[in-house]
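Here's start_12.csv, which has CSV, C-alpha atoms:
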```
chain,number,residue,atom,x,y,z
A,22,MET,CA,22.2,-21.6,36.0
A,23,THR,CA,21.2,-23.2,32.7
A,24,THR,CA,21.9,-27.0,32.3
A,25,LEU,CA,22.9,-28.7,29.1
A,26,THR,CA,19.4,-30.1,28.7
A,27,ASP,CA,17.9,-26.7,29.1
A,28,GLY,CA,20.3,-25.2,26.6
A,29,GLN,CA,19.4,-27.9,24.1
A,30,VAL,CA,15.7,-27.3,24.6
A,31,GLU,CA,16.2,-23.5,24.2
A,32,ARG,CA,18.1,-24.1,20.9
A,33,PHE,CA,15.3,-26.4,19.7
A,34,VAL,CA,12.7,-23.7,20.5
A,35,VAL,CA,14.7,-21.0,18.7
A,36,ALA,CA,15.2,-23.3,15.7
A,37,ASP,CA,11.5,-24.1,15.6
A,38,GLN,CA,10.7,-20.3,15.6
A,39,ARG,CA,13.0,-19.8,12.7
A,40,ARG,CA,11.7,-22.7,10.6
A,41,VAL,CA,9.2,-21.8,7.9
A,42,SER,CA,6.5,-24.3,7.2
A,43,TRP,CA,3.1,-24.2,5.4
A,44,ALA,CA,1.3,-24.8,8.7
A,45,ARG,CA,3.1,-22.0,10.4
A,46,CYS,CA,2.4,-19.7,7.5
A,47,ARG,CA,-1.3,-20.3,7.7
A,48,GLU,CA,-1.2,-19.7,11.5
A,49,ASP,CA,0.7,-16.4,11.2
A,50,ILE,CA,-1.3,-15.0,8.2
A,51,ALA,CA,-4.7,-16.1,9.7
A,52,PRO,CA,-5.3,-12.8,11.6
A,53,PHE,CA,-5.7,-11.2,8.2
A,54,ILE,CA,-9.1,-12.9,8.1
A,55,THR,CA,-9.9,-14.1,11.6
A,56,ARG,CA,-9.2,-10.7,13.2
A,57,HIS,CA,-10.5,-8.4,10.4
A,58,VAL,CA,-13.1,-6.9,12.8
A,59,THR,CA,-10.3,-5.7,15.1
A,60,TRP,CA,-8.1,-3.9,12.5
A,61,ARG,CA,-11.1,-2.5,10.7
A,62,ALA,CA,-12.6,-1.1,13.9
A,63,LEU,CA,-9.2,0.4,14.9
A,64,ALA,CA,-8.8,2.1,11.5
A,65,ALA,CA,-12.3,3.5,11.6
A,66,GLY,CA,-11.6,4.8,15.1
A,67,ASP,CA,-8.4,6.5,13.9
A,68,ILE,CA,-10.3,8.3,11.2
A,69,ARG,CA,-13.1,9.4,13.5
A,70,SER,CA,-10.7,10.7,16.2
A,71,LYS,CA,-8.6,12.6,13.7
A,72,TYR,CA,-11.5,14.5,12.2
A,73,ARG,CA,-13.7,14.8,15.3
A,74,ARG,CA,-15.6,18.1,15.5
A,75,THR,CA,-14.8,19.1,12.0
A,76,MET,CA,-17.4,20.1,9.4
A,77,LEU,CA,-16.3,17.9,6.6
A,78,GLY,CA,-14.5,15.2,8.4
A,79,PRO,CA,-12.5,12.9,6.1
A,80,TRP,CA,-13.8,14.9,3.1
A,81,TRP,CA,-11.2,17.5,4.0
A,82,ILE,CA,-8.6,15.0,2.6
A,83,THR,CA,-10.6,14.7,-0.5
A,84,ALA,CA,-10.9,18.4,-1.0
A,85,THR,CA,-7.2,19.0,-0.3
A,86,ASN,CA,-6.1,16.2,-2.7
A,87,ALA,CA,-8.5,17.4,-5.4
A,88,ILE,CA,-7.2,21.0,-5.3
A,89,THR,CA,-3.6,19.8,-5.3
A,90,ALA,CA,-4.1,17.3,-8.1
A,91,LEU,CA,-6.0,19.8,-10.2
A,92,ILE,CA,-3.3,22.4,-9.9
A,93,MET,CA,-0.5,19.9,-10.6
A,94,GLY,CA,-2.4,18.4,-13.5
A,95,ALA,CA,-3.1,21.7,-15.1
A,96,VAL,CA,0.5,22.9,-14.7
A,97,ALA,CA,2.0,19.6,-15.9
A,98,GLY,CA,-0.4,19.3,-18.8
A,99,ARG,CA,0.4,22.8,-20.0
A,100,PHE,CA,4.1,22.1,-19.6
A,101,LEU,CA,3.9,18.9,-21.6
A,102,GLY,CA,1.6,20.5,-24.2
A,103,ALA,CA,-1.1,17.8,-23.7
A,104,ASP,CA,-4.8,18.1,-24.4
A,105,MET,CA,-6.4,18.8,-21.0
A,106,LYS,CA,-9.6,16.8,-22.0
A,107,THR,CA,-7.6,13.6,-22.1
A,108,TYR,CA,-4.6,14.4,-19.9
A,109,LEU,CA,-6.5,15.7,-16.8
A,110,PRO,CA,-8.7,12.6,-16.3
A,111,HIS,CA,-5.6,10.4,-16.8
A,112,PHE,CA,-3.7,12.3,-14.3
A,113,MET,CA,-6.4,12.5,-11.7
A,114,VAL,CA,-7.1,8.8,-11.8
A,115,SER,CA,-3.4,8.0,-11.6
A,116,MET,CA,-2.9,10.4,-8.8
A,117,THR,CA,-5.7,9.0,-6.7
A,118,ILE,CA,-4.3,5.4,-7.0
A,119,TRP,CA,-0.8,6.7,-6.4
A,120,ASN,CA,-1.8,8.5,-3.2
A,121,PHE,CA,-3.1,5.2,-1.8
A,122,ILE,CA,0.2,3.5,-2.6
A,123,ALA,CA,2.5,6.3,-1.5
A,124,SER,CA,0.6,7.1,1.8
A,125,SER,CA,0.5,3.5,2.8
A,126,LEU,CA,4.2,3.0,2.0
A,127,GLY,CA,5.2,6.2,3.8
A,128,GLU,CA,3.2,5.4,7.0
A,129,SER,CA,4.5,1.8,7.0
A,130,CYS,CA,8.0,3.1,7.9
A,131,TYR,CA,6.8,4.1,11.4
A,132,THR,CA,3.9,1.7,11.9
A,133,MET,CA,5.7,-0.8,14.1
A,134,ILE,CA,7.9,1.8,15.6
A,135,ASN,CA,4.9,3.8,16.8
A,136,ALA,CA,3.1,0.7,18.0
A,137,GLY,CA,6.2,-0.5,19.9
A,138,GLY,CA,4.5,0.0,23.3
A,139,MET,CA,1.4,-1.9,22.3
A,140,ILE,CA,3.5,-4.7,20.7
A,141,LYS,CA,5.3,-5.2,24.0
A,142,ALA,CA,2.3,-4.9,26.3
A,143,VAL,CA,-0.5,-6.6,24.3
A,144,ASP,CA,-0.5,-10.2,23.0
A,145,MET,CA,-1.7,-9.2,19.5
A,146,PRO,CA,-0.6,-10.4,16.1
A,147,ILE,CA,1.9,-8.0,14.6
A,148,LEU,CA,0.1,-8.1,11.3
A,149,ILE,CA,-2.9,-6.3,12.8
A,150,HIS,CA,-0.9,-3.1,13.2
A,151,VAL,CA,-0.1,-3.2,9.5
A,152,MET,CA,-3.6,-4.0,8.5
A,153,ARG,CA,-4.9,-1.1,10.7
A,154,MET,CA,-2.7,1.3,8.8
A,155,VAL,CA,-3.6,-0.1,5.4
A,156,GLN,CA,-7.3,0.0,6.2
A,157,ARG,CA,-7.0,3.6,7.3
A,158,ASN,CA,-5.5,4.6,4.0
A,159,LEU,CA,-8.1,2.5,2.1
A,160,ILE,CA,-10.9,4.5,3.8
A,161,ILE,CA,-9.2,7.7,2.6
A,162,PHE,CA,-8.7,6.3,-0.8
A,163,LEU,CA,-12.4,5.5,-1.1
A,164,HIS,CA,-13.2,9.1,-0.2
A,165,ASN,CA,-10.8,10.3,-2.8
A,166,ILE,CA,-12.5,8.2,-5.5
A,167,ALA,CA,-15.3,10.8,-5.4
A,168,ILE,CA,-13.1,13.1,-7.3
A,169,ILE,CA,-13.2,10.9,-10.5
A,170,PRO,CA,-17.0,11.3,-11.2
A,171,VAL,CA,-16.6,15.1,-10.8
A,172,ILE,CA,-13.8,15.1,-13.4
A,173,TRP,CA,-15.9,12.9,-15.7
A,174,LEU,CA,-18.7,15.5,-15.5
A,175,ILE,CA,-16.2,18.2,-16.6
A,176,TYR,CA,-14.3,16.1,-19.2
A,177,PRO,CA,-16.5,13.1,-20.0
A,178,TRP,CA,-14.9,10.0,-21.6
A,179,SER,CA,-16.4,6.8,-22.8
A,180,ILE,CA,-16.9,4.1,-20.1
A,181,GLY,CA,-18.6,0.7,-20.1
A,182,PHE,CA,-18.5,-2.7,-18.5
A,183,VAL,CA,-14.8,-2.7,-19.0
A,184,SER,CA,-14.6,-0.4,-16.0
A,185,LEU,CA,-15.5,-3.4,-13.8
A,186,LEU,CA,-12.0,-4.7,-14.5
A,187,SER,CA,-10.7,-2.0,-12.3
A,188,LEU,CA,-12.0,-3.9,-9.3
A,189,PHE,CA,-9.6,-6.8,-10.0
A,190,GLY,CA,-6.9,-4.2,-10.5
A,191,LEU,CA,-7.7,-2.6,-7.2
A,192,ALA,CA,-7.6,-6.0,-5.5
A,193,LEU,CA,-4.1,-6.5,-6.8
A,194,VAL,CA,-3.1,-3.1,-5.6
A,195,TYR,CA,-4.5,-3.9,-2.2
A,196,VAL,CA,-2.5,-7.2,-1.9
A,197,PHE,CA,0.6,-5.4,-3.2
A,198,ILE,CA,0.3,-2.7,-0.5
A,199,VAL,CA,-0.3,-5.2,2.3
A,200,SER,CA,2.7,-7.3,1.3
A,201,LEU,CA,5.0,-4.4,0.7
A,202,THR,CA,4.1,-2.4,3.8
A,203,THR,CA,4.5,-5.5,6.0
A,204,ILE,CA,8.1,-6.0,4.7
A,205,VAL,CA,9.0,-2.3,4.9
A,206,SER,CA,7.5,-2.0,8.5
A,207,MET,CA,9.6,-4.9,9.7
A,208,ILE,CA,12.8,-3.6,8.1
A,209,CYS,CA,12.2,-0.1,9.5
A,210,VAL,CA,11.6,-1.3,13.0
A,211,ARG,CA,14.9,-3.2,12.9
A,212,TYR,CA,16.9,-0.6,11.0
A,213,ARG,CA,15.9,2.9,12.0
A,214,ASP,CA,17.9,4.6,9.3
A,215,VAL,CA,15.7,3.2,6.6
A,216,PRO,CA,12.6,5.5,6.9
A,217,PRO,CA,14.4,8.6,5.4
A,218,VAL,CA,15.7,6.4,2.6
A,219,MET,CA,12.2,5.2,1.9
A,220,ASN,CA,10.9,8.8,1.6
A,221,ALA,CA,13.5,9.4,-1.1
A,222,ILE,CA,12.5,6.2,-2.9
A,223,ILE,CA,8.8,7.2,-2.8
A,224,GLN,CA,9.6,10.5,-4.5
A,225,LEU,CA,11.7,8.7,-7.1
A,226,LEU,CA,8.9,6.2,-7.8
A,227,PHE,CA,6.5,9.1,-8.4
A,228,PHE,CA,8.7,10.6,-11.1
A,229,ILE,CA,9.5,7.3,-12.9
A,230,SER,CA,5.9,6.1,-12.8
A,231,PRO,CA,3.5,7.0,-15.6
A,232,ILE,CA,1.5,9.5,-13.5
A,233,ILE,CA,2.3,12.9,-14.8
A,234,TRP,CA,3.5,11.5,-18.1
A,235,ALA,CA,2.6,8.8,-20.6
A,236,PRO,CA,5.2,6.3,-21.9
A,237,GLY,CA,5.0,7.7,-25.4
A,238,GLN,CA,5.8,11.3,-24.2
A,239,ILE,CA,9.1,10.5,-22.6
A,240,LYS,CA,12.2,9.1,-24.4
A,241,GLY,CA,12.8,5.7,-23.0
A,242,GLY,CA,9.5,5.7,-21.2
A,243,THR,CA,8.5,2.3,-22.4
A,244,PHE,CA,11.7,0.8,-21.0
A,245,ILE,CA,11.1,2.5,-17.6
A,246,VAL,CA,7.5,1.2,-17.5
A,247,ALA,CA,8.7,-2.4,-18.3
A,248,LEU,CA,10.9,-2.4,-15.2
A,249,ASN,CA,8.5,-0.5,-12.8
A,250,PRO,CA,5.9,-2.7,-10.9
A,251,ILE,CA,3.9,0.5,-10.0
A,252,ALA,CA,3.3,1.0,-13.8
A,253,TYR,CA,1.6,-2.4,-14.1
A,254,LEU,CA,-0.6,-1.8,-11.1
A,255,LEU,CA,-1.6,1.7,-12.4
A,256,ALA,CA,-2.4,0.2,-15.8
A,257,VAL,CA,-4.7,-2.6,-14.6
A,258,THR,CA,-6.5,-0.2,-12.2
A,259,ARG,CA,-6.5,3.1,-14.2
A,260,ASP,CA,-7.1,1.9,-17.8
A,261,PRO,CA,-10.4,0.2,-17.1
A,262,LEU,CA,-11.7,3.4,-15.5
A,263,MET,CA,-10.7,5.2,-18.6
A,264,GLY,CA,-12.5,2.8,-20.9
A,265,ILE,CA,-9.4,1.0,-22.0
A,266,VAL,CA,-8.9,-2.8,-21.7
A,267,PRO,CA,-5.4,-3.4,-20.1
A,268,SER,CA,-3.0,-5.5,-22.2
A,269,LEU,CA,-2.2,-9.0,-21.3
A,270,ALA,CA,1.4,-7.9,-20.6
A,271,SER,CA,0.1,-5.4,-18.0
A,272,TRP,CA,-2.0,-8.1,-16.3
A,273,ALA,CA,0.9,-10.6,-16.3
A,274,GLY,CA,3.3,-8.0,-14.9
A,275,ALA,CA,0.9,-6.9,-12.2
A,276,ILE,CA,0.0,-10.5,-11.1
A,277,GLY,CA,3.6,-11.6,-11.3
A,278,CYS,CA,4.9,-8.7,-9.1
A,279,VAL,CA,2.1,-9.2,-6.6
A,280,ALA,CA,2.7,-13.0,-6.4
A,281,VAL,CA,6.5,-12.6,-5.9
A,282,LEU,CA,6.1,-9.9,-3.3
A,283,THR,CA,3.4,-11.8,-1.4
A,284,ALA,CA,5.6,-14.9,-1.2
A,285,ALA,CA,8.5,-12.8,0.0
A,286,MET,CA,6.2,-11.2,2.7
A,287,ILE,CA,4.9,-14.5,3.9
A,288,TYR,CA,8.5,-15.8,4.3
A,289,ILE,CA,9.9,-12.7,6.0
A,290,TYR,CA,6.9,-12.3,8.3
A,291,THR,CA,6.8,-16.0,9.3
A,292,ARG,CA,10.6,-16.0,9.7
A,293,TYR,CA,11.1,-12.8,11.8
A,294,ARG,CA,7.8,-11.8,13.4
A,295,SER,CA,8.9,-13.3,16.7
A,296,ARG,CA,11.8,-10.8,16.8
A,297,VAL,CA,9.8,-7.7,16.3
A,298,VAL,CA,8.9,-7.4,20.0
A,299,TYR,CA,12.7,-7.1,20.7
A,300,TRP,CA,13.2,-4.6,17.9
A,301,ALA,CA,10.2,-2.3,18.7
```
Since I need it in another form, could you write the structure as structure tokens?
Amino acid sequence: MTTLTDGQVERFVVADQRRVSWARCREDIAPFITRHVTWRALAAGDIRSKYRRTMLGPWWITATNAITALIMGAVAGRFLGADMKTYLPHFMVSMTIWNFIASSLGESCYTMINAGGMIKAVDMPILIHVMRMVQRNLIIFLHNIAIIPVIWLIYPWSIGFVSLLSLFGLALVYVFIVSLTTIVSMICVRYRDVPPVMNAIIQLLFFISPIIWAPGQIKGGTFIVALNPIAYLLAVTRDPLMGIVPSLASWAGAIGCVAVLTAAMIYIYTRYRSRVVYWA
């Protein structure tokens, strides 16, 4: 039987768990740094176990993505009447970055659902499961980058020190993915009808993002790009690799979107992470 005092204490504990403070945010987000060895090792183990006893290992993903992207790029380029010397490099770089975003977002729908047993059995920060998934996709992305030098040997384009700016763009993409997948994984573990909807949204984002088309090729393309955060992230990561300095508007849009999404992730994760164990 619960006494009045016990009930008051319980309400105070629940209220404290729901309160968002700077100290609590630092405590909850700290595993991103303090436990990096854990989620990096788990991700590397996932890759090794998946491609154990294969000849190429993770390079099978690179080969498959390269063949698929080359076929799609050739067909789309011919359909749009574009010059393959400029279109194919643009498409391949865009597709490589997009695969990193799309695969992470797609897997995030089931990250906490699949880790439900471990969440309930092991006292481990929830964020580690998300970081494990993101790190796994980052390893695959780093393998897929090997496609770009091959395309450059076939259709060379001018590059220089401006290409180093892509590292800053990739850092923004990484923070964007971590923030977005954390939010999506928490929503999906609570509402199990969301994953199919997210798959449809990912397909929609592919077609409205400047991957197979350039803003000048599509009527209203500039307007679509202005409202699409993926377009800003692609611009600050892809354009330096193509020897183009991204515009200030692209940097402002990318940094602004990442800042807002990161703030939302910190609030949602700090506010609701204690409930995930009941939802999983």
d(atom CA of A:Met133, atom CA of A:Tyr293) in Å: 13.4 Å
Surrounding residues of A:Phe121 excluding itself and chain neighbours under 2 positions, 8 Å, only C-alpha atoms, as a VMD selection string: chain A and resid 117 to 119 123 to 125 158 to 159 161 to 162
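Take atom CA of A:Thr85 and atom CA of A:Ala136: the distance between them is 27.9 Å.
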Distance criterion (only C-alpha atoms): nearest to A:Ala221 out of A:Ile54, A:Leu126, A:Met116, A:Ile134: A:Leu126
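For the residues A:Asp260, A:Asp144, A:Asp214, A:Glu128, ranking by smallest atom-to-atom distance to A:Phe189 using only C-alpha atoms places A:Asp260 first.
Nearest residue to A:Val218 among A:Cys130, A:Ile149, A:Ile265, A:Val281 is A:Cys130, counting all atoms listed in the file.
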For A:Gly190, the nearest of the candidates A:Met139, A:Val151, A:Ile82, A:Leu262, counting all atoms listed in the file: A:Leu262
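From atom CA of A:Ala167 back to atom CA of A:Gly66, the distance works out to 21.7 Å.
Closest approach to A:Gly264 among A:Pro170, A:Gly181, A:Gly102, A:Pro217: A:Gly181, based on only C-alpha atoms.
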Within 12 Å of A:Met145 using all atoms listed in the file, minus same-chain residues under 6 positions, as a list in words: Asp49, Pro52, Arg56, Thr59, Trp60, Ala136, Gly137, Gly138, Met139, Val151, Arg294, Ser295 and Val298 of chain A
Nearest-residue call for A:Asp67, choices A:Gly277, A:Met154, A:Ile172, A:Leu191, using only C-alpha atoms: A:Met154
Point (-13.0, 9.3, 4.7), cut-off 8 Å, counting all atoms listed in the file, residues as a VMD selection string: chain A and resid 68 78 to 80 82 to 83 160 to 165
Could you get me a file of stretch 226-238 of chain A with all heavy atoms, as a compact mmCIF listing (two decimals), in the first residue's frame, taken from the block above?
```
# COMPACT_ATOMS: atom_id res chain seq x y z
N LEU A 226 11.87 12.16 -50.39
CA LEU A 226 13.04 13.03 -50.26
C LEU A 226 14.04 12.80 -51.38
O LEU A 226 14.70 13.74 -51.84
CB LEU A 226 13.71 12.80 -48.91
CG LEU A 226 13.00 13.37 -47.68
CD1 LEU A 226 13.71 12.94 -46.41
CD2 LEU A 226 12.94 14.89 -47.75
N PHE A 227 14.15 11.56 -51.84
CA PHE A 227 15.08 11.27 -52.93
C PHE A 227 14.69 12.03 -54.20
O PHE A 227 15.54 12.60 -54.90
CB PHE A 227 15.12 9.77 -53.20
CG PHE A 227 15.94 9.39 -54.41
CD1 PHE A 227 17.33 9.39 -54.36
CD2 PHE A 227 15.32 9.04 -55.60
CE1 PHE A 227 18.07 9.05 -55.47
CE2 PHE A 227 16.06 8.70 -56.71
CZ PHE A 227 17.43 8.70 -56.65
N PHE A 228 13.41 12.05 -54.51
CA PHE A 228 12.96 12.66 -55.76
C PHE A 228 12.92 14.18 -55.70
O PHE A 228 13.04 14.85 -56.73
CB PHE A 228 11.58 12.12 -56.14
CG PHE A 228 11.62 10.68 -56.61
CD1 PHE A 228 11.11 9.67 -55.81
CD2 PHE A 228 12.19 10.35 -57.83
CE1 PHE A 228 11.14 8.35 -56.24
CE2 PHE A 228 12.24 9.02 -58.25
CZ PHE A 228 11.72 8.02 -57.46
N ILE A 229 12.72 14.76 -54.49
CA ILE A 229 12.66 16.21 -54.40
C ILE A 229 14.01 16.82 -54.04
O ILE A 229 14.11 18.04 -53.89
CB ILE A 229 11.60 16.67 -53.37
CG1 ILE A 229 11.99 16.25 -51.96
CG2 ILE A 229 10.23 16.13 -53.75
CD1 ILE A 229 11.05 16.77 -50.88
N SER A 230 15.04 15.99 -53.89
CA SER A 230 16.39 16.49 -53.62
C SER A 230 17.19 16.52 -54.92
O SER A 230 17.00 15.67 -55.79
CB SER A 230 17.09 15.60 -52.59
OG SER A 230 16.39 15.60 -51.36
N PRO A 231 18.11 17.49 -55.05
CA PRO A 231 18.90 17.61 -56.29
C PRO A 231 19.97 16.52 -56.40
O PRO A 231 21.16 16.78 -56.23
CB PRO A 231 19.51 19.01 -56.18
CG PRO A 231 19.59 19.27 -54.71
CD PRO A 231 18.39 18.59 -54.11
N ILE A 232 19.53 15.30 -56.66
CA ILE A 232 20.43 14.17 -56.82
C ILE A 232 20.48 13.73 -58.28
O ILE A 232 21.55 13.72 -58.89
CB ILE A 232 19.99 13.00 -55.93
CG1 ILE A 232 19.99 13.41 -54.46
CG2 ILE A 232 20.90 11.79 -56.14
CD1 ILE A 232 19.40 12.38 -53.54
N ILE A 233 19.32 13.42 -58.84
CA ILE A 233 19.26 13.04 -60.24
C ILE A 233 18.96 14.23 -61.14
O ILE A 233 18.93 14.10 -62.36
CB ILE A 233 18.20 11.94 -60.47
CG1 ILE A 233 16.81 12.44 -60.07
CG2 ILE A 233 18.55 10.68 -59.71
CD1 ILE A 233 15.70 11.44 -60.35
N TRP A 234 18.74 15.39 -60.53
CA TRP A 234 18.47 16.60 -61.31
C TRP A 234 19.16 17.79 -60.64
O TRP A 234 19.49 17.75 -59.47
CB TRP A 234 16.98 16.86 -61.43
CG TRP A 234 16.23 16.84 -60.11
CD1 TRP A 234 15.66 15.77 -59.51
CD2 TRP A 234 16.00 17.96 -59.24
NE1 TRP A 234 15.09 16.13 -58.32
CE2 TRP A 234 15.28 17.47 -58.12
CE3 TRP A 234 16.33 19.32 -59.28
CZ2 TRP A 234 14.88 18.29 -57.07
CZ3 TRP A 234 15.92 20.14 -58.23
CH2 TRP A 234 15.21 19.62 -57.15
N ALA A 235 19.37 18.84 -61.43
CA ALA A 235 19.92 20.09 -60.92
C ALA A 235 18.78 21.11 -60.84
O ALA A 235 17.81 21.02 -61.61
CB ALA A 235 21.03 20.60 -61.82
N PRO A 236 18.86 22.07 -59.93
CA PRO A 236 17.76 23.03 -59.78
C PRO A 236 17.39 23.73 -61.07
O PRO A 236 16.21 24.02 -61.32
CB PRO A 236 18.32 24.03 -58.74
CG PRO A 236 19.28 23.22 -57.95
CD PRO A 236 19.89 22.26 -58.90
N GLY A 237 18.38 24.02 -61.94
CA GLY A 237 18.08 24.72 -63.18
C GLY A 237 17.37 23.85 -64.21
O GLY A 237 16.82 24.38 -65.18
N GLN A 238 17.40 22.53 -64.04
CA GLN A 238 16.78 21.63 -65.02
C GLN A 238 15.30 21.41 -64.78
O GLN A 238 14.58 20.96 -65.67
CB GLN A 238 17.48 20.26 -64.98
CG GLN A 238 18.94 20.29 -65.43
CD GLN A 238 19.60 18.95 -65.28
OE1 GLN A 238 19.42 18.25 -64.29
NE2 GLN A 238 20.39 18.56 -66.28
```
